[in-house]
>>> print(open('query02.pdb').read())   # PDB, C-alpha atoms, pLDDT in the B column
ATOM      1  CA  MET L   1      -5.673 -17.971   1.648  1.00 52.00           C
ATOM      2  CA  ILE L   2      -6.996 -15.394  -0.789  1.00 58.00           C
ATOM      3  CA  SER L   3      -8.169 -11.977   0.351  1.00 56.00           C
ATOM      4  CA  LEU L   4     -10.636 -10.290  -1.985  1.00 56.00           C
ATOM      5  CA  TYR L   5     -11.132  -6.564  -1.794  1.00 52.00           C
ATOM      6  CA  HIS L   6     -14.584  -6.591  -3.381  1.00 51.00           C
ATOM      7  CA  HIS L   7     -16.649  -8.720  -5.730  1.00 53.00           C
ATOM      8  CA  THR L   8     -15.364  -7.116  -8.934  1.00 52.00           C
ATOM      9  CA  THR L   9     -11.802  -8.234  -8.240  1.00 48.00           C
ATOM     10  CA  THR L  10     -12.938 -11.821  -8.526  1.00 49.00           C
ATOM     11  CA  LYS L  11     -11.727 -13.231 -11.831  1.00 52.00           C
ATOM     12  CA  PHE L  12     -13.104 -16.620 -10.934  1.00 56.00           C
ATOM     13  CA  LYS L  13     -16.299 -17.959  -9.436  1.00 74.00           C
ATOM     14  CA  VAL L  14     -15.589 -18.344  -5.736  1.00 77.00           C
ATOM     15  CA  ASN L  15     -17.745 -21.444  -5.278  1.00 77.00           C
ATOM     16  CA  GLU L  16     -16.047 -23.234  -8.164  1.00 79.00           C
ATOM     17  CA  PHE L  17     -12.640 -22.170  -6.873  1.00 78.00           C
ATOM     18  CA  ILE L  18     -13.119 -23.523  -3.350  1.00 81.00           C
ATOM     19  CA  GLN L  19     -14.491 -26.786  -4.737  1.00 81.00           C
ATOM     20  CA  THR L  20     -11.456 -27.173  -7.006  1.00 85.00           C
ATOM     21  CA  TYR L  21      -8.941 -26.265  -4.289  1.00 85.00           C
ATOM     22  CA  GLU L  22     -10.311 -27.747  -1.087  1.00 83.00           C
ATOM     23  CA  ASN L  23      -7.682 -26.143   1.170  1.00 87.00           C
ATOM     24  CA  ILE L  24      -8.325 -22.540   0.068  1.00 86.00           C
ATOM     25  CA  ILE L  25     -10.001 -19.924   2.254  1.00 88.00           C
ATOM     26  CA  VAL L  26     -11.356 -16.806   0.553  1.00 84.00           C
ATOM     27  CA  LEU L  27     -11.590 -13.821   2.893  1.00 84.00           C
ATOM     28  CA  ARG L  28     -13.658 -10.743   2.333  1.00 84.00           C
ATOM     29  CA  THR L  29     -13.434  -7.635   4.447  1.00 85.00           C
ATOM     30  CA  PHE L  30     -15.919  -4.836   4.976  1.00 88.00           C
ATOM     31  CA  SER L  31     -13.095  -2.374   5.628  1.00 83.00           C
ATOM     32  CA  LYS L  32     -12.495   0.324   3.045  1.00 79.00           C
ATOM     33  CA  PHE L  33     -14.699  -0.742   0.140  1.00 83.00           C
ATOM     34  CA  TYR L  34     -17.761  -0.930   2.372  1.00 89.00           C
ATOM     35  CA  GLY L  35     -16.691   1.942   4.642  1.00 88.00           C
ATOM     36  CA  LEU L  36     -16.516  -0.144   7.821  1.00 91.00           C
ATOM     37  CA  ALA L  37     -12.776  -0.307   8.596  1.00 85.00           C
ATOM     38  CA  GLY L  38     -13.248   0.482  12.288  1.00 86.00           C
ATOM     39  CA  VAL L  39     -15.950  -2.150  12.698  1.00 89.00           C
ATOM     40  CA  ARG L  40     -13.556  -5.027  11.883  1.00 84.00           C
ATOM     41  CA  ILE L  41     -16.039  -7.271  10.157  1.00 90.00           C
ATOM     42  CA  GLY L  42     -15.650  -9.701   7.290  1.00 88.00           C
ATOM     43  CA  TYR L  43     -16.309 -13.278   6.342  1.00 87.00           C
ATOM     44  CA  ALA L  44     -14.646 -16.412   5.035  1.00 87.00           C
ATOM     45  CA  ILE L  45     -15.744 -18.708   2.216  1.00 88.00           C
ATOM     46  CA  ALA L  46     -14.227 -22.173   2.104  1.00 90.00           C
ATOM     47  CA  ASN L  47     -14.909 -25.826   1.603  1.00 89.00           C
ATOM     48  CA  GLU L  48     -17.223 -27.180   4.309  1.00 90.00           C
ATOM     49  CA  SER L  49     -14.459 -29.316   5.840  1.00 91.00           C
ATOM     50  CA  VAL L  50     -12.244 -26.228   6.214  1.00 92.00           C
ATOM     51  CA  ILE L  51     -15.073 -24.244   7.814  1.00 92.00           C
ATOM     52  CA  ASP L  52     -15.655 -27.139  10.252  1.00 94.00           C
ATOM     53  CA  GLU L  53     -11.992 -26.858  11.308  1.00 93.00           C
ATOM     54  CA  LEU L  54     -12.281 -23.080  11.703  1.00 91.00           C
ATOM     55  CA  PHE L  55     -15.277 -23.497  14.009  1.00 90.00           C
ATOM     56  CA  LYS L  56     -13.137 -25.667  16.297  1.00 92.00           C
ATOM     57  CA  VAL L  57     -10.875 -22.685  17.080  1.00 92.00           C
ATOM     58  CA  LYS L  58     -13.399 -19.861  16.673  1.00 86.00           C
ATOM     59  CA  MET L  59     -13.930 -17.563  19.625  1.00 84.00           C
ATOM     60  CA  PRO L  60     -17.197 -18.271  21.450  1.00 81.00           C
ATOM     61  CA  HIS L  61     -18.725 -14.853  20.772  1.00 79.00           C
ATOM     62  CA  ASN L  62     -19.751 -13.872  17.283  1.00 79.00           C
ATOM     63  CA  VAL L  63     -19.704 -10.401  15.782  1.00 85.00           C
ATOM     64  CA  ASN L  64     -21.940  -8.022  17.715  1.00 89.00           C
ATOM     65  CA  ALA L  65     -25.433  -7.136  16.465  1.00 90.00           C
ATOM     66  CA  LEU L  66     -24.508  -3.538  15.568  1.00 93.00           C
ATOM     67  CA  ALA L  67     -21.612  -4.689  13.368  1.00 93.00           C
ATOM     68  CA  GLN L  68     -23.864  -7.243  11.679  1.00 93.00           C
ATOM     69  CA  LYS L  69     -26.501  -4.591  10.922  1.00 95.00           C
ATOM     70  CA  ALA L  70     -23.794  -2.244   9.597  1.00 95.00           C
ATOM     71  CA  ALA L  71     -22.491  -5.009   7.307  1.00 95.00           C
ATOM     72  CA  VAL L  72     -25.967  -5.715   5.911  1.00 95.00           C
ATOM     73  CA  ALA L  73     -26.544  -1.986   5.314  1.00 96.00           C
ATOM     74  CA  ALA L  74     -23.143  -1.717   3.596  1.00 94.00           C
ATOM     75  CA  LEU L  75     -23.975  -4.616   1.273  1.00 92.00           C
ATOM     76  CA  GLU L  76     -27.180  -2.838   0.290  1.00 95.00           C
ATOM     77  CA  ASP L  77     -25.502   0.560  -0.342  1.00 95.00           C
ATOM     78  CA  ILE L  78     -24.656   0.019  -4.009  1.00 93.00           C
ATOM     79  CA  GLU L  79     -24.188   3.756  -4.645  1.00 95.00           C
ATOM     80  CA  PHE L  80     -21.392   3.954  -2.036  1.00 93.00           C
ATOM     81  CA  GLN L  81     -19.746   0.805  -3.431  1.00 90.00           C
ATOM     82  CA  GLU L  82     -19.774   2.204  -6.973  1.00 91.00           C
ATOM     83  CA  LYS L  83     -18.327   5.517  -5.771  1.00 91.00           C
ATOM     84  CA  CYS L  84     -15.607   3.703  -3.829  1.00 89.00           C
ATOM     85  CA  LEU L  85     -14.780   1.490  -6.809  1.00 89.00           C
ATOM     86  CA  ARG L  86     -14.496   4.504  -9.147  1.00 91.00           C
ATOM     87  CA  ASN L  87     -12.263   6.276  -6.630  1.00 90.00           C
ATOM     88  CA  ASN L  88      -9.972   3.271  -6.340  1.00 89.00           C
ATOM     89  CA  ILE L  89      -9.717   2.759 -10.094  1.00 91.00           C
ATOM     90  CA  GLU L  90      -8.855   6.445 -10.569  1.00 92.00           C
ATOM     91  CA  GLY L  91      -6.369   6.329  -7.684  1.00 93.00           C
ATOM     92  CA  ARG L  92      -4.669   3.198  -8.982  1.00 93.00           C
ATOM     93  CA  ASN L  93      -4.446   4.701 -12.467  1.00 93.00           C
ATOM     94  CA  TYR L  94      -2.939   7.882 -10.996  1.00 93.00           C
ATOM     95  CA  TYR L  95      -0.285   5.956  -9.060  1.00 94.00           C
ATOM     96  CA  GLU L  96       0.527   3.520 -11.862  1.00 95.00           C
ATOM     97  CA  THR L  97       0.909   6.350 -14.376  1.00 95.00           C
ATOM     98  CA  SER L  98       3.137   8.234 -11.914  1.00 95.00           C
ATOM     99  CA  PHE L  99       5.268   5.133 -11.349  1.00 96.00           C
ATOM    100  CA  ARG L 100       5.617   4.477 -15.093  1.00 96.00           C
ATOM    101  CA  ASN L 101       6.582   8.112 -15.737  1.00 97.00           C
ATOM    102  CA  ARG L 102       9.285   7.825 -13.073  1.00 96.00           C
ATOM    103  CA  GLY L 103      10.498   4.415 -14.262  1.00 96.00           C
ATOM    104  CA  LEU L 104       9.519   2.713 -10.991  1.00 96.00           C
ATOM    105  CA  GLU L 105       8.703  -0.985 -10.846  1.00 95.00           C
ATOM    106  CA  PHE L 106       5.303  -1.778  -9.296  1.00 95.00           C
ATOM    107  CA  VAL L 107       2.974  -4.719  -8.830  1.00 91.00           C
ATOM    108  CA  PRO L 108      -0.188  -4.397 -10.966  1.00 88.00           C
ATOM    109  CA  SER L 109      -3.199  -4.306  -8.655  1.00 85.00           C
ATOM    110  CA  SER L 110      -6.960  -4.592  -8.599  1.00 82.00           C
ATOM    111  CA  THR L 111      -7.155  -3.735  -4.901  1.00 83.00           C
ATOM    112  CA  ASN L 112      -7.304  -0.566  -2.811  1.00 86.00           C
ATOM    113  CA  PHE L 113      -3.527  -0.292  -2.553  1.00 89.00           C
ATOM    114  CA  VAL L 114      -0.414  -0.349  -4.726  1.00 92.00           C
ATOM    115  CA  LEU L 115       3.010  -1.877  -4.152  1.00 93.00           C
ATOM    116  CA  VAL L 116       5.968   0.003  -5.596  1.00 95.00           C
ATOM    117  CA  ASN L 117       9.715  -0.549  -5.604  1.00 95.00           C
ATOM    118  CA  ILE L 118      11.248   2.721  -4.400  1.00 94.00           C
ATOM    119  CA  ASN L 119      14.834   1.478  -4.899  1.00 92.00           C
ATOM    120  CA  CYS L 120      15.922   2.305  -1.359  1.00 92.00           C
ATOM    121  CA  SER L 121      15.112   1.410   2.249  1.00 89.00           C
ATOM    122  CA  SER L 122      11.351   1.378   2.625  1.00 92.00           C
ATOM    123  CA  LYS L 123      11.610   1.602   6.405  1.00 91.00           C
ATOM    124  CA  SER L 124      13.439   4.943   6.371  1.00 91.00           C
ATOM    125  CA  VAL L 125      11.145   6.356   3.656  1.00 93.00           C
ATOM    126  CA  CYS L 126       8.038   5.278   5.602  1.00 94.00           C
ATOM    127  CA  GLU L 127       9.404   6.912   8.768  1.00 93.00           C
ATOM    128  CA  GLU L 128      10.127  10.154   6.910  1.00 94.00           C
ATOM    129  CA  MET L 129       6.701  10.174   5.250  1.00 93.00           C
ATOM    130  CA  LEU L 130       5.046   9.635   8.633  1.00 93.00           C
ATOM    131  CA  LYS L 131       6.808  12.780   9.923  1.00 95.00           C
ATOM    132  CA  ARG L 132       5.079  14.578   7.047  1.00 92.00           C
ATOM    133  CA  GLY L 133       1.664  13.154   7.967  1.00 90.00           C
ATOM    134  CA  VAL L 134       1.571  10.458   5.270  1.00 89.00           C
ATOM    135  CA  TYR L 135       1.240   6.828   6.353  1.00 90.00           C
ATOM    136  CA  ILE L 136       2.628   4.238   3.948  1.00 93.00           C
ATOM    137  CA  ARG L 137       3.803   0.770   4.935  1.00 92.00           C
ATOM    138  CA  PRO L 138       7.131  -0.962   4.329  1.00 93.00           C
ATOM    139  CA  GLY L 139       7.045  -3.976   2.037  1.00 86.00           C
ATOM    140  CA  ALA L 140       8.822  -6.121   4.621  1.00 82.00           C
ATOM    141  CA  GLU L 141       5.521  -6.219   6.551  1.00 82.00           C
ATOM    142  CA  PHE L 142       4.084  -8.125   3.583  1.00 78.00           C
ATOM    143  CA  ILE L 143       7.031 -10.472   3.026  1.00 74.00           C
ATOM    144  CA  LEU L 144       8.260  -8.336   0.142  1.00 75.00           C
ATOM    145  CA  GLN L 145      11.697  -7.029  -0.585  1.00 82.00           C
ATOM    146  CA  GLU L 146      12.907  -4.254   1.716  1.00 86.00           C
ATOM    147  CA  ASN L 147      12.660  -1.655  -1.044  1.00 91.00           C
ATOM    148  CA  TYR L 148       8.890  -1.965  -1.652  1.00 94.00           C
ATOM    149  CA  VAL L 149       6.206   0.163  -0.027  1.00 94.00           C
ATOM    150  CA  ARG L 150       2.454  -0.341   0.198  1.00 93.00           C
ATOM    151  CA  ILE L 151       0.420   2.780  -0.515  1.00 93.00           C
ATOM    152  CA  SER L 152      -3.296   2.704   0.252  1.00 90.00           C
ATOM    153  CA  ILE L 153      -5.527   4.531  -2.174  1.00 90.00           C
ATOM    154  CA  GLY L 154      -7.401   7.348  -0.498  1.00 82.00           C
ATOM    155  CA  ARG L 155      -9.390  10.325  -1.653  1.00 74.00           C
ATOM    156  CA  LYS L 156      -7.959  12.148  -4.666  1.00 68.00           C
ATOM    157  CA  GLU L 157      -6.750  15.114  -2.623  1.00 65.00           C
ATOM    158  CA  GLU L 158      -4.971  12.728  -0.224  1.00 63.00           C
ATOM    159  CA  ASP L 159      -3.338  10.760  -3.023  1.00 58.00           C
ATOM    160  CA  MET L 160      -2.011  13.906  -4.695  1.00 60.00           C
ATOM    161  CA  LYS L 161      -0.254  14.717  -1.400  1.00 60.00           C
ATOM    162  CA  LYS L 162       1.644  11.390  -1.345  1.00 55.00           C
TER
END
>>> encode(input="query02.pdb", output="structure tokens")
Amino acid sequence: MISLYHHTTTKFKVNEFIQTYENIIVLRTFSKFYGLAGVRIGYAIANESVIDELFKVKMPHNVNALAQKAAVAALEDIEFQEKCLRNNIEGRNYYETSFRNRGLEFVPSSTNFVLVNINCSSKSVCEEMLKRGVYIRPGAEFILQENYVRISIGRKEEDMKK
């Protein structure tokens, strides 16, 4: 399974990829990049045989009409997408530069979050940050080593606080 944040993170042509690897599912979310995180909408692209199997276990009700209209509007709002993409590039650059300056190991990213090795227990750091109003997630939630944290990229003023 491959989760793509937005179309510009795709370094391959999705259709060619799913034809080459018949057991791959590419997921796209409308969460942060399209501004619809609370709507919980997205879609899957896969080989037809994989989609047929998904339909066998799919819930009987599809996404509601309001969510569908919101998704279509989000796809058409190119200005918002460009603004969001610029924000995420700037945020990633800010974090990666900060990590390099501090000698911290991190996973290079083209998404809306960064993974960084904080060289101590991520669980205790995440708990302490939450007390300070900053929500970051422990790497163990993502099958990473205990000392990694996942930091979502937010607005510049939010990121400077982290």
>>> closest_atom_pairs(input="query02.pdb", of="segment 108-135 of chain L", to="segment 86-96 of chain L", cutoff="12 Å", atoms="all atoms listed in the file", output="JSON lines")
{"residue": "L:Pro108", "atom": "CA", "partner": "L:Glu96", "partner_atom": "CA", "distance": 8.0}
{"residue": "L:Ser109", "atom": "CA", "partner": "L:Arg92", "partner_atom": "CA", "distance": 7.7}
{"residue": "L:Ser110", "atom": "CA", "partner": "L:Ile89", "partner_atom": "CA", "distance": 8.0}
{"residue": "L:Thr111", "atom": "CA", "partner": "L:Asn88", "partner_atom": "CA", "distance": 7.7}
{"residue": "L:Asn112", "atom": "CA", "partner": "L:Asn88", "partner_atom": "CA", "distance": 5.9}
{"residue": "L:Phe113", "atom": "CA", "partner": "L:Arg92", "partner_atom": "CA", "distance": 7.4}
{"residue": "L:Val114", "atom": "CA", "partner": "L:Arg92", "partner_atom": "CA", "distance": 7.0}
{"residue": "L:Leu115", "atom": "CA", "partner": "L:Glu96", "partner_atom": "CA", "distance": 9.7}
{"residue": "L:Val116", "atom": "CA", "partner": "L:Glu96", "partner_atom": "CA", "distance": 9.0}
{"residue": "L:Asn117", "atom": "CA", "partner": "L:Glu96", "partner_atom": "CA", "distance": 11.8}
>>> closest_residue(input="query02.pdb", among="L:Ala65, L:Ile153, L:Leu27, L:Val72", to="Tyr135 of chain L", atoms="all atoms listed in the file")
L:Ile153
>>> closest_residue(input="query02.pdb", among="L:Ala37, L:Ala70, L:Val134, L:Leu54", to="Ile25 of chain L", atoms="all atoms listed in the file")
L:Leu54
>>> atom_distance(input="query02.pdb", atom1="atom CA of Leu36 of chain L", atom2="atom CA of Phe142 of chain L")
22.5 Å
>>> residues_around(input="query02.pdb", residues="Gln81 of chain L", least_positions_apart="2", cutoff="12 Å", atoms="all atoms listed in the file", output="list in words")
Tyr5, His6, His7, Thr8, Phe30, Ser31, Lys32, Phe33, Tyr34, Gly35, Leu36, Ala73, Ala74, Leu75, Glu76, Asp77, Ile78, Glu79, Lys83, Cys84, Leu85, Arg86, Asn87 and Asn88 of chain L
>>> write_last_selection(input="query02.pdb", atoms="C-alpha atoms", output="PDB file, in the coordinates of the input")
ATOM      1  CA  TYR L   5     -11.132  -6.564  -1.794  1.00 52.00           C
ATOM      2  CA  HIS L   6     -14.584  -6.591  -3.381  1.00 51.00           C
ATOM      3  CA  HIS L   7     -16.649  -8.720  -5.730  1.00 53.00           C
ATOM      4  CA  THR L   8     -15.364  -7.116  -8.934  1.00 52.00           C
ATOM      5  CA  PHE L  30     -15.919  -4.836   4.976  1.00 88.00           C
ATOM      6  CA  SER L  31     -13.095  -2.374   5.628  1.00 83.00           C
ATOM      7  CA  LYS L  32     -12.495   0.324   3.045  1.00 79.00           C
ATOM      8  CA  PHE L  33     -14.699  -0.742   0.140  1.00 83.00           C
ATOM      9  CA  TYR L  34     -17.761  -0.930   2.372  1.00 89.00           C
ATOM     10  CA  GLY L  35     -16.691   1.942   4.642  1.00 88.00           C
ATOM     11  CA  LEU L  36     -16.516  -0.144   7.821  1.00 91.00           C
ATOM     12  CA  ALA L  73     -26.544  -1.986   5.314  1.00 96.00           C
ATOM     13  CA  ALA L  74     -23.143  -1.717   3.596  1.00 94.00           C
ATOM     14  CA  LEU L  75     -23.975  -4.616   1.273  1.00 92.00           C
ATOM     15  CA  GLU L  76     -27.180  -2.838   0.290  1.00 95.00           C
ATOM     16  CA  ASP L  77     -25.502   0.560  -0.342  1.00 95.00           C
ATOM     17  CA  ILE L  78     -24.656   0.019  -4.009  1.00 93.00           C
ATOM     18  CA  GLU L  79     -24.188   3.756  -4.645  1.00 95.00           C
ATOM     19  CA  LYS L  83     -18.327   5.517  -5.771  1.00 91.00           C
ATOM     20  CA  CYS L  84     -15.607   3.703  -3.829  1.00 89.00           C
ATOM     21  CA  LEU L  85     -14.780   1.490  -6.809  1.00 89.00           C
ATOM     22  CA  ARG L  86     -14.496   4.504  -9.147  1.00 91.00           C
ATOM     23  CA  ASN L  87     -12.263   6.276  -6.630  1.00 90.00           C
ATOM     24  CA  ASN L  88      -9.972   3.271  -6.340  1.00 89.00           C
TER      25      ASN L  88
END
>>> atom_distance(input="query02.pdb", atom1="atom CA of Thr20 of chain L", atom2="atom CA of Tyr43 of chain L")
19.9 Å
>>> axis_aligned_box(input="query02.pdb", around="segment 79-90 of chain L", padding_each_side="8 Å", output="JSON")
{"center_x": -16.5, "center_y": 3.6, "center_z": -6.3, "size_x": 31.3, "size_y": 21.6, "size_z": 24.5}
>>> atom_distance(input="query02.pdb", atom1="atom CA of Ile118 of chain L", atom2="atom CA of Ala140 of chain L")
12.9 Å
>>> resolve_selection(input="query02.pdb", expression="the PyMOL selection byres ((chain L and resi 122) around 8)", output="ChimeraX atom specification")
/L:118,120-121,123-126,137-139,146-149
>>> residues_around(input="query02.pdb", residues="Val14 of chain L", least_positions_apart="6", cutoff="9 Å", atoms="all atoms listed in the file", output="list in words")
Val26, Ile45 and Ala46 of chain L
>>> resolve_selection(input="query02.pdb", expression="the PyMOL selection byres ((chain L and resi 47) around 8)", output="count of residues only")
12
>>> build_atoms(input="query02.pdb", residues="segment 79-102 of chain L", atoms="N, CA, C and O atoms", output="mmCIF file, in the frame of the given file")
data_model
loop_
_atom_site.group_PDB
_atom_site.id
_atom_site.type_symbol
_atom_site.label_atom_id
_atom_site.label_comp_id
_atom_site.auth_asym_id
_atom_site.auth_seq_id
_atom_site.Cartn_x
_atom_site.Cartn_y
_atom_site.Cartn_z
ATOM 1 N N GLU L 79 -24.706 2.444 -4.226
ATOM 2 C CA GLU L 79 -24.188 3.756 -4.645
ATOM 3 C C GLU L 79 -22.821 4.033 -4.011
ATOM 4 O O GLU L 79 -21.895 4.469 -4.685
ATOM 5 N N PHE L 80 -22.680 3.751 -2.717
ATOM 6 C CA PHE L 80 -21.392 3.954 -2.036
ATOM 7 C C PHE L 80 -20.332 3.027 -2.623
ATOM 8 O O PHE L 80 -19.200 3.445 -2.856
ATOM 9 N N GLN L 81 -20.694 1.771 -2.870
ATOM 10 C CA GLN L 81 -19.746 0.805 -3.431
ATOM 11 C C GLN L 81 -19.249 1.264 -4.803
ATOM 12 O O GLN L 81 -18.050 1.194 -5.092
ATOM 13 N N GLU L 82 -20.163 1.742 -5.638
ATOM 14 C CA GLU L 82 -19.774 2.204 -6.973
ATOM 15 C C GLU L 82 -18.855 3.418 -6.881
ATOM 16 O O GLU L 82 -17.877 3.524 -7.618
ATOM 17 N N LYS L 83 -19.166 4.330 -5.965
ATOM 18 C CA LYS L 83 -18.327 5.517 -5.771
ATOM 19 C C LYS L 83 -16.932 5.103 -5.300
ATOM 20 O O LYS L 83 -15.910 5.596 -5.800
ATOM 21 N N CYS L 84 -16.878 4.178 -4.361
ATOM 22 C CA CYS L 84 -15.607 3.703 -3.829
ATOM 23 C C CYS L 84 -14.799 3.008 -4.919
ATOM 24 O O CYS L 84 -13.595 3.229 -5.042
ATOM 25 N N LEU L 85 -15.460 2.196 -5.728
ATOM 26 C CA LEU L 85 -14.780 1.490 -6.809
ATOM 27 C C LEU L 85 -14.202 2.472 -7.826
ATOM 28 O O LEU L 85 -13.048 2.347 -8.223
ATOM 29 N N ARG L 86 -14.994 3.485 -8.217
ATOM 30 C CA ARG L 86 -14.496 4.504 -9.147
ATOM 31 C C ARG L 86 -13.280 5.228 -8.562
ATOM 32 O O ARG L 86 -12.283 5.446 -9.240
ATOM 33 N N ASN L 87 -13.367 5.591 -7.295
ATOM 34 C CA ASN L 87 -12.263 6.276 -6.630
ATOM 35 C C ASN L 87 -10.996 5.420 -6.653
ATOM 36 O O ASN L 87 -9.901 5.924 -6.930
ATOM 37 N N ASN L 88 -11.146 4.147 -6.379
ATOM 38 C CA ASN L 88 -9.972 3.271 -6.340
ATOM 39 C C ASN L 88 -9.384 3.045 -7.724
ATOM 40 O O ASN L 88 -8.164 2.997 -7.874
ATOM 41 N N ILE L 89 -10.219 2.910 -8.721
ATOM 42 C CA ILE L 89 -9.717 2.759 -10.094
ATOM 43 C C ILE L 89 -8.949 4.012 -10.503
ATOM 44 O O ILE L 89 -7.838 3.929 -11.035
ATOM 45 N N GLU L 90 -9.536 5.189 -10.240
ATOM 46 C CA GLU L 90 -8.855 6.445 -10.569
ATOM 47 C C GLU L 90 -7.553 6.585 -9.794
ATOM 48 O O GLU L 90 -6.534 7.003 -10.346
ATOM 49 N N GLY L 91 -7.572 6.237 -8.509
ATOM 50 C CA GLY L 91 -6.369 6.329 -7.684
ATOM 51 C C GLY L 91 -5.275 5.387 -8.160
ATOM 52 O O GLY L 91 -4.104 5.779 -8.245
ATOM 53 N N ARG L 92 -5.653 4.162 -8.459
ATOM 54 C CA ARG L 92 -4.669 3.198 -8.982
ATOM 55 C C ARG L 92 -4.078 3.689 -10.286
ATOM 56 O O ARG L 92 -2.859 3.631 -10.487
ATOM 57 N N ASN L 93 -4.936 4.181 -11.188
ATOM 58 C CA ASN L 93 -4.446 4.701 -12.467
ATOM 59 C C ASN L 93 -3.481 5.864 -12.248
ATOM 60 O O ASN L 93 -2.450 5.956 -12.925
ATOM 61 N N TYR L 94 -3.807 6.744 -11.315
ATOM 62 C CA TYR L 94 -2.939 7.882 -10.996
ATOM 63 C C TYR L 94 -1.560 7.395 -10.541
ATOM 64 O O TYR L 94 -0.525 7.846 -11.047
ATOM 65 N N TYR L 95 -1.557 6.468 -9.568
ATOM 66 C CA TYR L 95 -0.285 5.956 -9.060
ATOM 67 C C TYR L 95 0.496 5.212 -10.144
ATOM 68 O O TYR L 95 1.691 5.426 -10.317
ATOM 69 N N GLU L 96 -0.172 4.316 -10.854
ATOM 70 C CA GLU L 96 0.527 3.520 -11.862
ATOM 71 C C GLU L 96 1.111 4.394 -12.968
ATOM 72 O O GLU L 96 2.230 4.160 -13.423
ATOM 73 N N THR L 97 0.383 5.411 -13.377
ATOM 74 C CA THR L 97 0.909 6.350 -14.376
ATOM 75 C C THR L 97 2.118 7.086 -13.809
ATOM 76 O O THR L 97 3.140 7.244 -14.490
ATOM 77 N N SER L 98 2.017 7.537 -12.559
ATOM 78 C CA SER L 98 3.137 8.234 -11.914
ATOM 79 C C SER L 98 4.359 7.328 -11.821
ATOM 80 O O SER L 98 5.483 7.765 -12.081
ATOM 81 N N PHE L 99 4.138 6.069 -11.458
ATOM 82 C CA PHE L 99 5.268 5.133 -11.349
ATOM 83 C C PHE L 99 5.910 4.902 -12.714
ATOM 84 O O PHE L 99 7.133 4.914 -12.841
ATOM 85 N N ARG L 100 5.080 4.689 -13.733
ATOM 86 C CA ARG L 100 5.617 4.477 -15.093
ATOM 87 C C ARG L 100 6.429 5.686 -15.539
ATOM 88 O O ARG L 100 7.521 5.547 -16.087
ATOM 89 N N ASN L 101 5.892 6.879 -15.329
ATOM 90 C CA ASN L 101 6.582 8.112 -15.737
ATOM 91 C C ASN L 101 7.928 8.285 -15.030
ATOM 92 O O ASN L 101 8.828 8.932 -15.562
ATOM 93 N N ARG L 102 8.036 7.712 -13.844
ATOM 94 C CA ARG L 102 9.285 7.825 -13.073
ATOM 95 C C ARG L 102 10.174 6.590 -13.236
ATOM 96 O O ARG L 102 11.228 6.502 -12.607
#
